[in-house]
Amino acid sequence: MTWRLSTLDKKSITEIQTWTIGKLTATYELGWRWGYWEYETKPDISKHNPNGQTDVYDFGEVGDQEQDDGCWAEWNWPEDMDSDEIERLEDIFNEEGAEGLENKGWSNDDTEYFVTGPLKVEYVIGNYSKKPVVVQVVPFTTETVEVLRNFCGAALGEVTETEAHIRTLEDGSAHQVEHIATLGDYIIKGIKGEFYPCKPDIFLASYDTTWRKYEQQ
């Protein structure tokens with residue numbers, strides 16, 4: 001499951017990066033207008049004070065996240081650091097980004113995000129694609145009755161000139177529920193060994209042949 005925490009007020013996100021080299025520590029503060037963070041468990045925002053700042057990691061382990069529309073940025077360097085060196089490093093950062101500082105031996109040891117104002121928590125409805133499953137199929141025709149007997153075994157019940165009774169596992173008990181197939185229906189063996197009929201138009205719209213020869217299990 002995925003829960004999304006997002007801010008509702010503009011300019012309500014502060015990102016603080018901590019950079020170090022040797023015994024020196026600098027912080028880079030960025031402001032964002034909008035953003036969100038995603039969690040596997042629903043974040044409890046009941047203790048969040050809208051008038052104060054809350055670390056988003058206090059709500060739980062963060063998965064995906066995104067911040068949009070930066071609105072301020074400020075470096076905080078050690079007080080005794082040479083001003084020319086500060087200017088040089090900031091120029092490198094502005095031109096080359098984080099990689100430029102890393103090439104000079106600086107390391108981004110930590111990044112924190114703080115939120116203020118009201119927050120919104122919502123469940124993220126996921127999109128899933130069905131796994132490809134290979135099923136075995138025999139069409140019900142006047143010529144395939146004996147094939148069906150071999151294919152379905154005890155799952156095939158009474159067969160007439162126009163109908164075939166298929167015992168299924170639908171209720172969770174073996175061979176106790178019957179579906180009635182009519183001529184032209186496809187009889188499918190499912191992934192749990194169950195058998196069920198499918199109308200031709202639905203079958204042809206849902207399945208493609210793998211051209212694999214059927215082998216009786």
# chains A, B, ... in the order shown; residues from 1 in each chain; ligands from 1
>>> closest_atom_pairs(of="stretch 46-70 of chain A", to="stretch 2-14 of chain A", cutoff="10 Å", atoms="only C-alpha atoms", output="tab-separated table")
residue	atom	partner	partner_atom	distance
A:Pro50	CA	A:Ser12	CA	9.9
A:Gln53	CA	A:Thr14	CA	8.9
A:Thr54	CA	A:Ile13	CA	9.7
A:Asp55	CA	A:Thr14	CA	9.5
A:Val56	CA	A:Leu5	CA	8.7
A:Phe59	CA	A:Leu5	CA	9.2
A:Val62	CA	A:Arg4	CA	9.7
A:Gly63	CA	A:Thr2	CA	8.9
A:Asp64	CA	A:Arg4	CA	9.1
A:Gln65	CA	A:Arg4	CA	8.9
A:Glu66	CA	A:Ser6	CA	9.6
A:Gln67	CA	A:Ile13	CA	8.4
A:Asp68	CA	A:Ile13	CA	9.8
A:Asp69	CA	A:Lys11	CA	9.0
A:Gly70	CA	A:Lys11	CA	8.5
>>> write_last_selection(atoms="N, CA and C atoms", output="short mmCIF file (atom, residue, chain, number, x, y, z; two decimals), in the first residue's frame")
data_model
loop_
_atom_site.label_atom_id
_atom_site.label_comp_id
_atom_site.auth_asym_id
_atom_site.auth_seq_id
_atom_site.Cartn_x
_atom_site.Cartn_y
_atom_site.Cartn_z
N PRO A 50 0.78 22.73 12.90
CA PRO A 50 0.83 23.53 11.67
C PRO A 50 1.63 24.81 11.81
N GLN A 53 7.53 23.31 12.61
CA GLN A 53 8.12 22.47 11.57
C GLN A 53 8.16 21.03 12.04
N THR A 54 7.86 20.11 11.13
CA THR A 54 7.94 18.68 11.42
C THR A 54 8.80 18.01 10.36
N ASP A 55 9.73 17.18 10.81
CA ASP A 55 10.57 16.40 9.91
C ASP A 55 9.70 15.32 9.27
N VAL A 56 9.70 15.23 7.94
CA VAL A 56 8.83 14.26 7.27
C VAL A 56 9.20 12.82 7.63
N PHE A 59 7.24 10.83 10.35
CA PHE A 59 5.99 10.15 10.01
C PHE A 59 6.22 8.71 9.57
N VAL A 62 10.32 6.92 4.29
CA VAL A 62 9.86 7.55 3.06
C VAL A 62 10.27 6.73 1.85
N GLY A 63 9.32 6.57 0.92
CA GLY A 63 9.62 5.92 -0.35
C GLY A 63 9.84 6.98 -1.41
N ASP A 64 8.94 7.04 -2.36
CA ASP A 64 9.04 8.03 -3.42
C ASP A 64 8.72 9.42 -2.86
N GLN A 65 9.30 10.45 -3.47
CA GLN A 65 9.03 11.81 -3.04
C GLN A 65 9.29 12.77 -4.19
N GLU A 66 8.73 13.96 -4.07
CA GLU A 66 8.96 14.98 -5.11
C GLU A 66 8.69 16.36 -4.52
N GLN A 67 9.56 17.31 -4.89
CA GLN A 67 9.37 18.71 -4.50
C GLN A 67 9.35 19.55 -5.76
N ASP A 68 8.48 20.56 -5.77
CA ASP A 68 8.31 21.37 -6.97
C ASP A 68 8.48 22.85 -6.65
N ASP A 69 9.02 23.58 -7.65
CA ASP A 69 9.01 25.03 -7.64
C ASP A 69 9.81 25.62 -6.47
N GLY A 70 11.13 25.54 -6.57
CA GLY A 70 11.99 26.10 -5.54
C GLY A 70 11.80 27.61 -5.43
#
>>> residues_around(residues="A:Trp72", least_positions_apart="2", cutoff="9 Å", atoms="only C-alpha atoms", output="number ranges by chain")
A: 29-32, 70, 74
>>> write_last_selection(atoms="C-alpha atoms", output="compact mmCIF listing (two decimals), in the first residue's frame")
# COMPACT_ATOMS: atom_id res chain seq x y z
CA GLU A 29 18.82 25.35 2.75
CA LEU A 30 16.21 25.27 0.01
CA GLY A 31 12.57 26.30 0.09
CA TRP A 32 9.90 24.61 -2.01
CA GLY A 70 11.99 26.10 -5.54
CA GLU A 74 20.84 29.84 1.14
>>> closest_residue(among="A:Ala154, A:Val121, A:Ile16, A:Ala73", to="A:Tyr36", atoms="only C-alpha atoms")
A:Val121
>>> atom_distance(atom1="atom CA of A:Lys42", atom2="atom CA of A:Cys71")
28.8 Å
>>> select_by_dssp(residues="stretch 39-215 of chain A", states="strand (DSSP E)", output="PyMOL selection string")
chain A and resi 39+54-55+65-76+107-115+119-123+136-139+156-159+163-168+177-182+186-189+195-198
>>> closest_atom_pairs(of="stretch 43-142 of chain A", to="stretch 180-193 of chain A", cutoff="7 Å", atoms="only C-alpha atoms", output="tab-separated table")
residue	atom	partner	partner_atom	distance
A:Val135	CA	A:Gly190	CA	5.9
A:Gln136	CA	A:Lys189	CA	5.3
A:Val137	CA	A:Ile188	CA	4.5
A:Val138	CA	A:Ile187	CA	5.3
A:Pro139	CA	A:Tyr186	CA	4.2
A:Phe140	CA	A:Gly184	CA	5.4
A:Thr141	CA	A:Leu183	CA	5.4
>>> select_by_dssp(residues="stretch 24-182 of chain A", states="helix (DSSP H, G or I)", output="JSON, numbers by chain")
{"A": [56, 57, 58, 59, 83, 84, 85, 86, 87, 88, 89, 90, 91, 92, 93, 94, 95, 96, 98, 99, 100, 101, 102, 103, 145, 146, 147, 148, 149, 150, 151, 152, 153, 154, 155]}
>>> atom_distance(atom1="atom CA of A:Asn76", atom2="atom CA of A:Ala26")
5.6 Å
>>> atom_distance(atom1="atom CA of A:Val124", atom2="atom CA of A:Lys47")
22.3 Å
>>> decode(residues="stretch 118-150 of chain A", atoms="N, CA and C atoms", output="short mmCIF file (atom, residue, chain, number, x, y, z; two decimals), in the first residue's frame")
data_model
loop_
_atom_site.label_atom_id
_atom_site.label_comp_id
_atom_site.auth_asym_id
_atom_site.auth_seq_id
_atom_site.Cartn_x
_atom_site.Cartn_y
_atom_site.Cartn_z
N PRO A 118 -0.86 23.19 7.19
CA PRO A 118 -1.72 22.00 7.12
C PRO A 118 -1.18 20.97 6.13
N LEU A 119 -1.45 19.70 6.43
CA LEU A 119 -1.00 18.59 5.60
C LEU A 119 -2.18 17.75 5.14
N LYS A 120 -1.99 17.05 4.05
CA LYS A 120 -3.03 16.15 3.53
C LYS A 120 -2.43 14.76 3.39
N VAL A 121 -3.20 13.76 3.83
CA VAL A 121 -2.79 12.36 3.66
C VAL A 121 -3.85 11.66 2.83
N GLU A 122 -3.43 10.99 1.77
CA GLU A 122 -4.37 10.29 0.90
C GLU A 122 -3.78 8.97 0.45
N TYR A 123 -4.66 8.01 0.24
CA TYR A 123 -4.24 6.70 -0.26
C TYR A 123 -4.01 6.79 -1.77
N VAL A 124 -2.90 6.24 -2.22
CA VAL A 124 -2.57 6.25 -3.65
C VAL A 124 -3.09 4.96 -4.27
N ILE A 125 -4.07 5.10 -5.14
CA ILE A 125 -4.63 3.93 -5.83
C ILE A 125 -3.65 3.50 -6.91
N GLY A 126 -3.17 2.27 -6.81
CA GLY A 126 -2.15 1.81 -7.73
C GLY A 126 -2.72 1.25 -9.03
N ASN A 127 -1.89 1.28 -10.05
CA ASN A 127 -2.23 0.67 -11.34
C ASN A 127 -1.47 -0.66 -11.45
N TYR A 128 -2.17 -1.71 -11.76
CA TYR A 128 -1.56 -3.03 -11.87
C TYR A 128 -1.91 -3.66 -13.23
N SER A 129 -0.96 -4.37 -13.79
CA SER A 129 -1.24 -5.14 -15.00
C SER A 129 -1.25 -6.61 -14.63
N LYS A 130 -2.18 -7.36 -15.19
CA LYS A 130 -2.32 -8.77 -14.86
C LYS A 130 -1.13 -9.55 -15.40
N LYS A 131 -0.60 -10.44 -14.56
CA LYS A 131 0.53 -11.26 -14.99
C LYS A 131 0.10 -12.17 -16.15
N PRO A 132 0.97 -12.36 -17.14
CA PRO A 132 0.61 -13.28 -18.23
C PRO A 132 0.52 -14.71 -17.72
N VAL A 133 -0.58 -15.36 -18.02
CA VAL A 133 -0.81 -16.73 -17.58
C VAL A 133 -1.15 -17.59 -18.79
N VAL A 134 -0.48 -18.72 -18.92
CA VAL A 134 -0.76 -19.65 -20.01
C VAL A 134 -1.78 -20.67 -19.52
N VAL A 135 -2.91 -20.78 -20.22
CA VAL A 135 -3.94 -21.76 -19.88
C VAL A 135 -4.13 -22.70 -21.06
N GLN A 136 -4.66 -23.87 -20.76
CA GLN A 136 -4.93 -24.86 -21.80
C GLN A 136 -6.43 -24.84 -22.12
N VAL A 137 -6.76 -24.99 -23.40
CA VAL A 137 -8.13 -24.77 -23.85
C VAL A 137 -8.51 -25.81 -24.91
N VAL A 138 -9.77 -26.30 -24.80
CA VAL A 138 -10.35 -27.15 -25.85
C VAL A 138 -11.73 -26.59 -26.17
N PRO A 139 -12.02 -26.33 -27.43
CA PRO A 139 -13.36 -25.84 -27.79
C PRO A 139 -14.37 -26.99 -27.69
N PHE A 140 -15.60 -26.65 -27.31
CA PHE A 140 -16.66 -27.65 -27.23
C PHE A 140 -17.40 -27.69 -28.56
N THR A 141 -17.16 -28.78 -29.32
CA THR A 141 -17.86 -28.99 -30.58
C THR A 141 -18.32 -30.45 -30.60
N THR A 142 -19.09 -30.77 -31.62
CA THR A 142 -19.55 -32.16 -31.73
C THR A 142 -18.39 -33.11 -31.99
N GLU A 143 -17.28 -32.59 -32.50
CA GLU A 143 -16.13 -33.43 -32.81
C GLU A 143 -15.15 -33.57 -31.64
N THR A 144 -15.31 -32.75 -30.59
CA THR A 144 -14.28 -32.76 -29.53
C THR A 144 -14.79 -33.34 -28.22
N VAL A 145 -15.91 -34.03 -28.22
CA VAL A 145 -16.45 -34.55 -26.97
C VAL A 145 -15.47 -35.51 -26.31
N GLU A 146 -14.92 -36.43 -27.08
CA GLU A 146 -13.98 -37.39 -26.51
C GLU A 146 -12.70 -36.70 -26.06
N VAL A 147 -12.29 -35.68 -26.81
CA VAL A 147 -11.11 -34.90 -26.39
C VAL A 147 -11.38 -34.25 -25.04
N LEU A 148 -12.60 -33.71 -24.87
CA LEU A 148 -12.96 -33.07 -23.62
C LEU A 148 -12.98 -34.06 -22.46
N ARG A 149 -13.44 -35.28 -22.73
CA ARG A 149 -13.47 -36.29 -21.67
C ARG A 149 -12.05 -36.56 -21.17
N ASN A 150 -11.13 -36.64 -22.07
CA ASN A 150 -9.73 -36.87 -21.70
C ASN A 150 -9.13 -35.63 -21.04
#
